[in-house]
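Trainee: target-v7.txt is the file, holding compact mmCIF, C-alpha atoms:
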# COMPACT_ATOMS: atom_id res chain seq x y z
CA MET Y 1 22.45 83.22 37.27
CA SER Y 2 24.80 85.53 35.43
CA SER Y 3 27.67 84.25 33.38
CA ALA Y 4 31.25 84.84 34.35
CA SER Y 5 34.63 84.20 32.92
CA PRO Y 6 37.23 82.26 34.90
CA GLY Y 7 39.01 85.49 35.75
CA THR Y 8 35.79 87.08 36.99
CA LEU Y 9 35.26 84.26 39.45
CA VAL Y 10 38.42 85.19 41.27
CA ARG Y 11 37.34 88.81 41.64
CA CYS Y 12 33.91 87.65 42.91
CA GLY Y 13 35.43 86.01 45.95
CA ARG Y 14 36.71 82.61 44.93
CA SER Y 15 40.28 81.88 45.86
CA PRO Y 16 42.70 81.31 42.98
CA VAL Y 17 43.21 77.69 44.07
CA ARG Y 18 39.47 76.96 44.19
CA THR Y 19 38.96 78.64 40.82
CA ARG Y 20 41.80 76.63 39.28
CA TRP Y 21 40.31 73.34 40.50
CA ALA Y 22 36.83 74.35 39.32
CA ASN Y 23 38.22 75.15 35.87
CA ARG Y 24 40.06 71.85 35.71
CA ALA Y 25 36.89 69.95 36.63
CA SER Y 26 34.96 71.85 33.96
CA PHE Y 27 37.67 71.12 31.41
CA VAL Y 28 37.54 67.39 32.16
CA LEU Y 29 33.74 67.31 31.96
CA ASP Y 30 33.62 69.25 28.68
CA THR Y 31 36.21 66.85 27.24
CA SER Y 32 34.18 63.86 28.38
CA ILE Y 33 31.08 65.33 26.69
CA LEU Y 34 32.90 65.54 23.37
CA VAL Y 35 34.16 61.97 23.77
CA ALA Y 36 30.72 60.63 24.74
CA ALA Y 37 28.85 62.47 21.98
CA LEU Y 38 31.17 61.14 19.28
CA ALA Y 39 31.23 57.67 20.85
CA ALA Y 40 27.46 57.61 20.53
CA SER Y 41 27.73 58.74 16.91
CA SER Y 42 29.97 55.80 15.95
CA ALA Y 43 28.44 53.12 18.17
CA PRO Y 44 25.90 52.02 15.50
CA THR Y 45 28.63 51.26 12.92
CA PRO Y 46 29.40 47.68 14.08
CA LEU Y 47 25.65 47.11 14.51
CA TYR Y 48 24.75 47.85 10.89
CA PRO Y 49 25.31 44.23 9.74
CA LEU Y 50 22.97 43.07 12.53
CA TYR Y 51 20.31 45.54 11.43
CA GLN Y 52 20.76 44.44 7.82
CA HIS Y 53 20.46 40.76 8.75
CA HIS Y 54 17.42 41.13 11.04
CA TRP Y 55 15.49 43.68 9.00
CA GLY Y 56 16.75 43.00 5.45
CA LEU Y 57 18.10 46.52 4.93
CA SER Y 58 19.94 47.53 1.73
CA ALA Y 59 23.27 49.37 1.55
CA LEU Y 60 21.40 52.54 0.56
CA THR Y 61 19.17 52.28 3.63
CA ILE Y 62 22.20 51.90 5.87
CA THR Y 63 23.83 55.00 4.40
CA LEU Y 64 20.54 56.87 4.85
CA VAL Y 65 20.48 55.87 8.53
CA PHE Y 66 24.07 57.04 8.83
CA SER Y 67 23.52 60.25 6.89
CA ALA Y 68 20.30 61.17 8.70
CA TYR Y 69 22.53 61.82 11.69
CA SER Y 70 25.19 63.74 9.76
CA LEU Y 71 22.82 65.92 7.75
CA THR Y 72 20.71 66.79 10.79
CA LEU Y 73 23.85 67.62 12.71
CA LEU Y 74 24.91 69.88 9.87
CA LEU Y 75 21.56 71.72 9.80
CA ALA Y 76 21.50 72.00 13.59
CA LEU Y 77 25.00 73.48 13.57
CA LEU Y 78 23.76 76.18 11.20
CA ILE Y 79 20.91 76.95 13.63
CA THR Y 80 22.41 76.40 17.08
CA GLY Y 81 26.14 76.68 16.43
CA ALA Y 82 26.44 80.15 17.99
CA LEU Y 83 23.69 79.75 20.60
CA SER Y 84 26.03 79.12 23.53
CA ASP Y 85 27.87 82.35 22.67
CA HIS Y 86 24.64 84.14 23.65
CA LEU Y 87 22.98 81.97 26.31
CA GLY Y 88 26.09 80.56 27.92
CA ARG Y 89 27.69 77.13 27.67
CA ARG Y 90 25.88 75.45 30.57
CA PRO Y 91 22.23 75.79 29.51
CA VAL Y 92 23.02 74.67 25.95
CA LEU Y 93 25.07 71.71 27.16
CA GLY Y 94 22.44 70.66 29.70
CA GLY Y 95 19.64 70.68 27.12
CA ALA Y 96 21.75 68.91 24.50
CA LEU Y 97 22.72 66.11 26.89
CA VAL Y 98 19.10 65.48 27.85
CA LEU Y 99 18.24 65.17 24.14
CA GLU Y 100 21.19 62.78 23.70
CA ALA Y 101 19.80 60.54 26.45
CA VAL Y 102 16.36 60.52 24.80
CA ALA Y 103 17.92 59.66 21.43
CA MET Y 104 19.74 56.72 23.01
CA ALA Y 105 16.46 55.46 24.46
CA LEU Y 106 14.87 55.64 21.01
CA LEU Y 107 17.78 53.73 19.45
CA ALA Y 108 17.53 51.06 22.14
CA THR Y 109 13.85 50.48 21.34
CA ALA Y 110 14.05 50.83 17.53
CA ASP Y 111 12.26 48.11 15.57
CA GLY Y 112 13.03 49.12 11.98
CA SER Y 113 14.81 51.54 9.69
CA LYS Y 114 12.26 54.33 10.19
CA ALA Y 115 12.76 54.24 13.95
CA LEU Y 116 16.53 54.21 13.48
CA ILE Y 117 16.39 57.25 11.19
CA ALA Y 118 14.14 59.17 13.62
CA ALA Y 119 16.46 58.44 16.52
CA ARG Y 120 19.54 59.41 14.52
CA ILE Y 121 17.89 62.70 13.51
CA LEU Y 122 17.32 63.59 17.17
CA GLN Y 123 20.86 62.48 18.00
CA GLY Y 124 22.29 64.68 15.25
CA ALA Y 125 20.52 67.77 16.60
CA ALA Y 126 21.70 67.06 20.14
CA THR Y 127 25.27 66.35 19.09
CA ALA Y 128 25.47 69.60 17.13
CA ALA Y 129 24.56 71.69 20.16
CA ALA Y 130 26.77 69.64 22.50
CA THR Y 131 29.92 69.65 20.38
CA SER Y 132 29.85 73.36 19.52
CA ALA Y 133 29.18 74.39 23.14
CA ALA Y 134 31.64 71.94 24.71
CA GLY Y 135 34.35 72.76 22.17
CA ALA Y 136 33.90 76.48 22.76
CA ALA Y 137 33.98 75.96 26.53
CA LEU Y 138 37.33 74.19 26.19
CA LEU Y 139 38.68 77.23 24.35
CA ASP Y 140 37.29 79.48 27.09
CA LEU Y 141 39.20 77.46 29.68
CA GLU Y 142 42.57 77.72 27.92
CA ASP Y 143 45.37 77.76 30.50
CA PRO Y 144 47.91 80.51 29.68
CA THR Y 145 50.66 78.27 31.07
CA ARG Y 146 49.68 75.47 28.65
CA PRO Y 147 48.98 77.18 25.32
CA GLY Y 148 47.44 75.00 22.66
CA ARG Y 149 45.93 72.48 25.08
CA SER Y 150 42.35 73.44 24.22
CA ALA Y 151 42.86 73.18 20.47
CA LEU Y 152 44.61 69.82 20.96
CA THR Y 153 41.72 68.55 23.06
CA ASN Y 154 39.20 69.73 20.45
CA GLY Y 155 41.16 67.73 17.89
CA ILE Y 156 41.74 64.55 19.87
CA ALA Y 157 38.51 64.12 21.87
CA PRO Y 158 36.16 63.58 18.88
CA VAL Y 159 38.30 60.94 17.18
CA ALA Y 160 39.03 59.26 20.50
CA GLY Y 161 35.30 59.21 21.16
CA MET Y 162 34.58 57.59 17.81
CA ALA Y 163 37.21 54.94 18.54
CA VAL Y 164 35.75 54.22 21.98
CA GLY Y 165 32.21 53.98 20.58
CA VAL Y 166 33.15 51.52 17.84
CA LEU Y 167 35.28 49.36 20.15
CA ALA Y 168 32.66 49.24 22.91
CA SER Y 169 29.92 48.36 20.44
CA THR Y 170 32.09 45.67 18.82
CA LEU Y 171 32.87 44.10 22.20
CA LEU Y 172 29.21 44.15 23.19
CA ILE Y 173 28.32 42.31 19.98
CA ARG Y 174 30.77 39.61 21.05
CA PHE Y 175 29.91 39.39 24.75
CA ALA Y 176 26.53 41.04 25.50
CA PRO Y 177 23.23 39.19 25.00
CA ALA Y 178 21.46 42.20 23.44
CA PRO Y 179 24.11 44.48 21.90
CA THR Y 180 21.61 46.64 19.99
CA VAL Y 181 20.08 47.59 23.35
CA THR Y 182 22.93 47.45 25.87
CA VAL Y 183 25.23 49.99 24.23
CA TYR Y 184 22.49 52.62 24.04
CA VAL Y 185 21.33 52.05 27.62
CA LEU Y 186 24.88 52.60 28.85
CA LEU Y 187 25.24 55.77 26.77
CA ALA Y 188 21.88 57.11 27.97
CA ALA Y 189 22.98 56.69 31.58
CA LEU Y 190 26.26 58.47 30.84
CA PHE Y 191 24.52 61.42 29.16
CA ALA Y 192 22.09 61.75 32.07
CA ALA Y 193 24.98 61.85 34.54
CA GLN Y 194 26.80 64.47 32.46
CA ALA Y 195 23.66 66.62 32.22
CA ALA Y 196 23.44 66.64 36.02
CA ALA Y 197 27.15 67.45 36.39
CA VAL Y 198 26.99 70.41 33.99
CA ALA Y 199 24.91 72.35 36.52
CA PHE Y 200 27.88 72.44 38.89
CA THR Y 201 30.53 73.56 36.39
CA THR Y 202 32.03 76.96 35.69
CA GLU Y 203 30.13 79.14 33.23
CA THR Y 204 32.70 80.63 30.90
CA ALA Y 205 30.69 82.60 28.34
CA HIS Y 206 29.45 86.14 28.85
CA ARG Y 207 25.70 86.11 28.22
CA HIS Y 208 24.63 88.75 25.71
CA ALA Y 209 21.66 89.65 23.54
CA GLY Y 210 20.93 88.19 20.13
CA ALA Y 211 20.09 84.56 20.98
CA TRP Y 212 16.94 84.49 18.81
CA ARG Y 213 18.72 86.13 15.90
CA SER Y 214 21.54 83.59 16.19
CA LEU Y 215 19.04 80.79 15.41
CA ARG Y 216 18.68 81.91 11.82
CA PRO Y 217 20.52 79.30 9.71
CA ARG Y 218 23.81 80.82 8.65
CA LEU Y 219 27.55 80.34 8.68
CA SER Y 220 29.38 82.94 10.70
CA VAL Y 221 33.11 82.76 10.22
CA PRO Y 222 35.36 85.64 11.29
CA SER Y 223 37.91 86.91 8.80
CA SER Y 224 40.72 85.47 10.92
CA ALA Y 225 39.41 81.95 10.25
CA ARG Y 226 38.25 82.24 6.64
CA HIS Y 227 41.74 82.08 5.15
CA ALA Y 228 42.54 78.90 7.07
CA LEU Y 229 39.30 77.19 6.05
CA ARG Y 230 39.87 78.08 2.40
CA LEU Y 231 43.35 76.58 2.51
CA THR Y 232 42.44 73.40 4.35
CA GLY Y 233 38.88 72.91 3.06
CA ALA Y 234 39.72 70.34 0.38
CA GLY Y 235 41.80 68.32 2.82
CA ILE Y 236 39.07 68.41 5.47
CA ALA Y 237 36.58 67.24 2.84
CA ALA Y 238 38.86 64.38 1.74
CA VAL Y 239 39.51 62.92 5.19
CA TRP Y 240 35.96 63.28 6.47
CA ALA Y 241 34.65 61.70 3.26
CA LEU Y 242 36.92 58.72 3.93
CA GLY Y 243 35.65 58.61 7.50
CA GLY Y 244 32.08 58.54 6.25
CA PHE Y 245 32.89 55.70 3.88
CA TYR Y 246 34.49 53.51 6.54
CA SER Y 247 31.78 54.35 9.06
CA SER Y 248 28.80 53.53 6.83
CA LEU Y 249 30.07 50.97 4.30
CA GLY Y 250 33.22 49.69 6.04
CA PRO Y 251 31.54 46.57 7.48
CA ALA Y 252 30.06 45.71 4.08
CA LEU Y 253 33.45 46.17 2.41
CA VAL Y 254 35.05 43.84 4.96
CA HIS Y 255 32.45 41.19 4.12
CA LEU Y 256 33.05 41.67 0.38
CA VAL Y 257 36.81 41.33 0.77
CA SER Y 258 36.63 38.40 3.19
CA PRO Y 259 33.19 36.73 3.27
CA ASP Y 260 34.42 34.08 5.73
CA GLY Y 261 36.30 36.52 7.99
CA PRO Y 262 35.52 37.12 11.67
CA GLY Y 263 32.23 38.89 12.35
CA THR Y 264 33.91 41.56 14.50
CA ALA Y 265 36.18 42.68 11.64
CA GLY Y 266 33.45 44.91 10.23
CA GLY Y 267 33.44 47.11 13.32
CA LEU Y 268 37.19 46.93 13.82
CA VAL Y 269 37.96 48.48 10.42
CA PHE Y 270 36.41 51.81 11.49
CA PHE Y 271 38.02 51.41 14.93
CA THR Y 272 41.36 51.20 13.11
CA VAL Y 273 40.63 54.52 11.40
CA THR Y 274 39.65 56.32 14.60
CA ALA Y 275 42.34 54.76 16.81
CA THR Y 276 45.18 55.70 14.47
CA ALA Y 277 43.61 59.15 14.06
CA THR Y 278 43.69 59.61 17.83
CA LEU Y 279 47.34 58.56 18.04
CA THR Y 280 48.22 60.85 15.14
CA VAL Y 281 46.56 63.90 16.72
CA TRP Y 282 48.61 63.31 19.86
CA THR Y 283 51.85 62.59 17.99
CA ALA Y 284 51.48 65.65 15.74
CA ARG Y 285 50.63 68.06 18.56
CA ARG Y 286 54.02 69.79 18.34
CA THR Y 287 54.28 69.64 14.55
CA ALA Y 288 53.70 72.89 12.68
CA PRO Y 289 49.97 72.96 11.75
CA ALA Y 290 50.59 73.53 8.03
CA VAL Y 291 53.10 70.65 7.93
CA ALA Y 292 50.67 68.31 9.72
CA ALA Y 293 47.81 69.21 7.40
CA THR Y 294 49.95 68.79 4.26
CA ALA Y 295 51.33 65.43 5.39
CA GLY Y 296 47.85 64.23 6.27
CA CYS Y 297 46.49 65.15 2.87
CA ALA Y 298 49.38 63.36 1.19
CA ALA Y 299 48.56 60.19 3.17
CA VAL Y 300 45.08 60.02 1.62
CA VAL Y 301 46.43 58.82 -1.73
CA PRO Y 302 48.22 55.66 -0.47
CA ALA Y 303 45.30 55.04 1.92
CA ALA Y 304 42.89 54.98 -1.02
CA ALA Y 305 45.28 52.81 -3.05
CA LEU Y 306 45.60 50.23 -0.26
CA THR Y 307 41.85 50.14 0.26
CA LEU Y 308 41.30 49.43 -3.43
CA GLY Y 309 44.15 46.92 -3.35
CA SER Y 310 42.13 44.87 -0.88
CA LEU Y 311 39.62 44.26 -3.70
CA HIS Y 312 42.35 43.03 -6.04
CA GLY Y 313 44.03 40.33 -3.98
CA GLY Y 314 45.29 42.32 -1.01
CA GLY Y 315 42.54 41.04 1.27
CA LEU Y 316 42.04 42.15 4.85
CA PRO Y 317 45.71 43.16 5.43
CA ALA Y 318 45.46 45.74 2.63
CA LEU Y 319 42.05 46.91 3.82
CA PHE Y 320 43.20 47.41 7.39
CA GLY Y 321 46.43 48.98 6.17
CA GLY Y 322 44.38 51.46 4.15
CA ALA Y 323 42.17 52.13 7.16
CA ALA Y 324 45.23 52.81 9.32
CA LEU Y 325 46.64 55.26 6.77
CA ALA Y 326 43.20 56.89 6.46
CA GLY Y 327 43.30 57.38 10.23
CA VAL Y 328 46.74 58.97 10.01
CA ALA Y 329 45.41 61.32 7.33
CA PHE Y 330 42.29 62.11 9.37
CA GLY Y 331 44.25 62.85 12.53
CA ALA Y 332 46.95 64.96 10.88
CA VAL Y 333 44.53 67.05 8.82
CA SER Y 334 42.13 67.54 11.72
CA GLN Y 335 44.94 68.56 14.05
CA GLY Y 336 46.55 70.93 11.57
CA ALA Y 337 43.33 72.47 10.28
CA LEU Y 338 41.88 73.06 13.73
CA ARG Y 339 45.04 74.68 15.04
CA ILE Y 340 45.26 76.95 12.00
CA THR Y 341 41.58 77.88 12.20
CA LEU Y 342 41.29 78.42 15.96
CA THR Y 343 44.32 80.68 16.32
CA ALA Y 344 43.56 83.94 18.16
CA LEU Y 345 39.76 83.73 18.04
CA SER Y 346 37.83 86.04 20.33
CA GLU Y 347 35.36 84.56 22.84
CA ARG Y 348 32.36 85.74 20.80
CA ASP Y 349 33.54 83.86 17.69
CA ARG Y 350 34.52 80.51 19.17
CA ALA Y 351 31.32 78.46 19.02
CA ALA Y 352 30.33 79.87 15.61
CA THR Y 353 33.74 79.10 14.09
CA LEU Y 354 33.74 75.55 15.45
CA ALA Y 355 30.24 75.15 14.05
CA ALA Y 356 31.45 76.24 10.59
CA TYR Y 357 34.31 73.73 10.78
CA TYR Y 358 31.93 70.91 11.68
CA VAL Y 359 29.43 71.94 9.00
CA LEU Y 360 32.12 71.45 6.37
CA SER Y 361 33.23 68.22 8.02
CA TYR Y 362 29.85 66.56 8.29
CA LEU Y 363 28.73 67.74 4.86
CA SER Y 364 31.83 66.03 3.49
CA MET Y 365 31.07 62.92 5.51
CA SER Y 366 27.38 62.52 4.70
CA ILE Y 367 26.74 63.54 1.08
CA PRO Y 368 29.43 61.26 -0.44
CA ALA Y 369 28.27 58.39 1.80
CA ILE Y 370 24.70 58.70 0.52
CA ALA Y 371 25.99 58.76 -3.06
CA ALA Y 372 28.12 55.69 -2.36
CA GLY Y 373 25.14 53.85 -0.89
CA ALA Y 374 23.06 54.62 -3.98
CA ALA Y 375 25.91 53.63 -6.30
CA THR Y 376 26.39 50.39 -4.37
CA GLY Y 377 22.77 49.42 -4.97
CA ARG Y 378 23.03 50.21 -8.69
CA TYR Y 379 26.59 49.24 -9.64
CA GLY Y 380 27.91 47.20 -6.73
CA LEU Y 381 30.13 48.00 -3.77
CA GLY Y 382 33.36 47.38 -5.71
CA THR Y 383 32.58 50.02 -8.34
CA ALA Y 384 31.34 52.47 -5.73
CA SER Y 385 34.54 51.99 -3.71
CA HIS Y 386 36.76 52.71 -6.71
CA THR Y 387 34.90 55.93 -7.52
CA TYR Y 388 34.86 57.04 -3.89
CA ALA Y 389 38.57 56.42 -3.39
CA ALA Y 390 39.48 58.28 -6.60
CA ALA Y 391 37.41 61.31 -5.58
CA ALA Y 392 38.97 61.43 -2.10
CA ALA Y 393 42.47 61.16 -3.57
CA LEU Y 394 41.77 63.99 -6.01
CA LEU Y 395 40.55 66.27 -3.23
CA ALA Y 396 43.66 65.46 -1.22
CA ILE Y 397 45.94 66.30 -4.15
CA VAL Y 398 44.19 69.67 -4.54
CA ALA Y 399 44.68 70.32 -0.82
CA VAL Y 400 48.39 69.43 -0.94
CA ALA Y 401 48.84 71.85 -3.85
CA ALA Y 402 47.03 74.65 -2.01
CA LEU Y 403 48.94 74.15 1.24
CA THR Y 404 52.28 73.86 -0.53
CA ALA Y 405 51.67 77.04 -2.51
CA SER Y 406 50.69 78.88 0.66
CA ARG Y 407 54.12 78.29 2.20
CA ARG Y 408 55.12 81.58 0.58
CA SER Y 409 53.00 83.33 3.21
CA PRO Y 410 52.65 82.54 6.96
CA ILE Y 411 49.31 80.65 7.10
CA ASP Y 412 49.77 79.73 10.75
CA GLU Y 413 48.96 83.30 11.63
CA PRO Y 414 45.41 84.68 11.41
CA ARG Y 415 44.71 86.83 8.43
Once more with this new file: its structure as structure tokens, please.

Mentor:
Amino acid sequence: MSSASPGTLVRCGRSPVRTRWANRASFVLDTSILVAALAASSAPTPLYPLYQHHWGLSALTITLVFSAYSLTLLLALLITGALSDHLGRRPVLGGALVLEAVAMALLATADGSKALIAARILQGAATAAATSAAGAALLDLEDPTRPGRSALTNGIAPVAGMAVGVLASTLLIRFAPAPTVTVYVLLAALFAAQAAAVAFTTETAHRHAGAWRSLRPRLSVPSSARHALRLTGAGIAAVWALGGFYSSLGPALVHLVSPDGPGTAGGLVFFTVTATATLTVWTARRTAPAVAATAGCAAVVPAAALTLGSLHGGGLPALFGGAALAGVAFGAVSQGALRITLTALSERDRAATLAAYYVLSYLSMSIPAIAAGAATGRYGLGTASHTYAAAAALLAIVAVAALTASRRSPIDEPR
């Protein structure tokens, strides 16, 4: 079946009303895929203490389980990031969702750290293909009467998905008899349903040659996006590094700060990050992208200070306050950076540019988390937290300086 753009469908015989409804349905499904994929990525976070308790896993092992997903996703983005630009969005999404369902089945039946790592590796590969294709499809379906909606959705759906995944997993720990199985079974069923639905959606990418060549690991960023990524790169690294810290070591930090606190608090600290990030993306949707990114970077410093304050008498209020500010920083920087980067991209560059953005993001999330896990085993979580927070704050300060200096030229426009 040949690919067609939304406009082509009208010329091929579909009425404008039918085409509009088909595009809306495709937009909703692509959004739900982003939400589900990121919900699945964060669902293990509240479960890490259970895995540690049942299998005697160290902090380093937990960060390796977490980073196996992120690093595989990064590598897969380098390989498959532009694939849907050549094959079309639907075949890439369909295959990725089937792999997601298989990964969930492997997580549900895992019996040790090796099985967890294997499942997370498969999940990372599937998520890479799904997020780049679904994000590009959303850009393809941009409604001229609602400019900016696709970029906003690309910014809000991932963080909303992470929030949903953490909250659902935390609730299942409290109320389900087998939380380490139930959450993955539910996600597997959802991915299977989405894979079936993709076959009935609108294909928005023009199929063209070069699919095999596109599988060579590389970063392909058009000149219009390079300037934006250079300006916002340090800020993206800072907020995603914080996200990686809260996602992998957040539950352990909660236990360190409050050993007798509620068991669900470990999962809720990362939920706080993602929930406030979601609200911030929505709130900042009409703020100038450069202003949002600069404000978000500036929020990293007090977020880091509050988090460290929790280790020096501030307790859980300071820790959750720091998590909330980290979420504000994450949401503002993600919203601003994506809007700056995605401005005026051509159809052929969309998936590849999103892949480059996520490569930077997940590299920033995974490598520091692994280092923190190793440092925790050697020097203790308190020392590792201080070093991590200082590094994130320094990156944020560099980003604020770069964005402030760039005000002399219009960075909101592609260069």

Trainee: Which distance in Å separates atom CA of Ala396 of chain Y and atom CA of Thr153 of chain Y, to one decimal?

Mentor: 24.6 Å

Trainee: What separation in Å, quoted to one decimal, exists between atom CA of Thr170 of chain Y and atom CA of Ala39 of chain Y?

Mentor: 12.2 Å

Trainee: Using only C-alpha atoms, which residue out of Y:Ala384, Y:Ala337, Y:Gly266, Y:Ala329 lies closest to Ala290 of chain Y?

Mentor: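 Once distances to Ala290 of chain Y are computed over only C-alpha atoms, the minimum belongs to Y:Ala337.
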
Trainee: Go through Y:Ile340, Y:Ala356, Y:Ala68, Y:Ile236 and flag the residue nearest Ala392 of chain Y, using all atoms listed in the file for the distances.

Mentor: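 Closest to Ala392 of chain Y, using all atoms listed in the file: Y:Ile236.
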
Trainee: Between atom CA of Pro91 of chain Y and atom CA of Gly135 of chain Y, what is the spacing in Å?

Mentor: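 Result for atom CA of Gly135 of chain Y versus atom CA of Pro91 of chain Y: 14.5 Å, one decimal.
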
Trainee: Find, counting all atoms listed in the file, the residue in Y:Ser42, Y:Thr109, Y:Ser334, Y:Ser247 that gets nearest to Tyr357 of chain Y.

Mentor: Y:Ser334

Trainee: Could you tell me which of Y:Tyr358, Y:Trp55, Y:Phe270, Y:Tyr69 comes closest to Ser132 of chain Y if we count only C-alpha atoms?

Mentor: Y:Tyr358

Trainee: Go through Y:Leu107, Y:Val92, Y:Ala40, Y:Leu97 one by one, measure the shortest atom-to-atom distance of each to Ala136 of chain Y using all atoms listed in the file, and give the residue with the smallest value.

Mentor: Y:Val92

Trainee: Under the rule that all atoms listed in the file are counted, which of Y:Leu171, Y:Ile156, Y:Ala390, Y:Leu138 is the nearest residue to Ala25 of chain Y?

Mentor: Y:Leu138

Trainee: Find the axis-aligned box for segment 23-32 of chain Y, covering all its listed atoms and adding 5 Å on each side, and write its centre and edge lengths in Å to one decimal as AutoDock Vina command-line options.

Mentor:
--center_x 36.8 --center_y 69.5 --center_z 31.9 --size_x 16.4 --size_y 21.3 --size_z 19.4

Trainee: Need to verify the contact set: Ala265 of chain Y, 8 Å, only C-alpha atoms, exclusion of same-chain residues closer than 3 positions in sequence. Can you return it as JSON, numbers by chain?

Mentor: {"Y": [251, 254, 261, 262, 268, 269]}

Trainee: The selected residues should be written to file as a compact mmCIF listing (two decimals), keeping the file's coordinate frame (atoms: C-alpha atoms).

Mentor:
# COMPACT_ATOMS: atom_id res chain seq x y z
CA PRO Y 251 31.54 46.57 7.48
CA VAL Y 254 35.05 43.84 4.96
CA GLY Y 261 36.30 36.52 7.99
CA PRO Y 262 35.52 37.12 11.67
CA LEU Y 268 37.19 46.93 13.82
CA VAL Y 269 37.96 48.48 10.42

Trainee: Pull the closest atom pair for each residue of segment 23-84 of chain Y that gets at most 12 Å from segment 148-151 of chain Y, along with the distance in Å to one decimal, counting only C-alpha atoms, ordering rows by chain and then ascending residue number, as CSV.

Mentor:
residue,atom,partner,partner_atom,distance
Y:Arg24,CA,Y:Ser150,CA,11.8
Y:Phe27,CA,Y:Ser150,CA,8.9
Y:Val28,CA,Y:Ser150,CA,11.1
Y:Asp30,CA,Y:Ser150,CA,10.7
Y:Thr31,CA,Y:Ser150,CA,9.5

Trainee: Which residues are close to segment 309-315 of chain Y, i.e. within 10 Å by only C-alpha atoms, leaving aside same-chain residues fewer than 2 positions away? Reply as a list in words.

Mentor: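 These residues fall inside the cut-off: Leu253, Val254, Leu256, Val257, Ser258, Ala303, Ala304, Ala305, Leu306, Thr307, Pro317, Ala318, Leu319, Phe320, Gly321, Gly322, Gly382, Ser385 and His386 of chain Y.
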
Trainee: Just the residues within 8 Å of Val198 of chain Y, please, counting all atoms listed in the file, with nothing from its chain fewer than 3 positions along; format it as a PyMOL selection string.

Mentor: chain Y and resi 29+90+93-94+194-195+201

Trainee: Neighbours of Leu279 of chain Y within 10 Å (all atoms listed in the file; same-chain residues fewer than 5 positions away dropped), as a count of residues only?

Mentor: 9
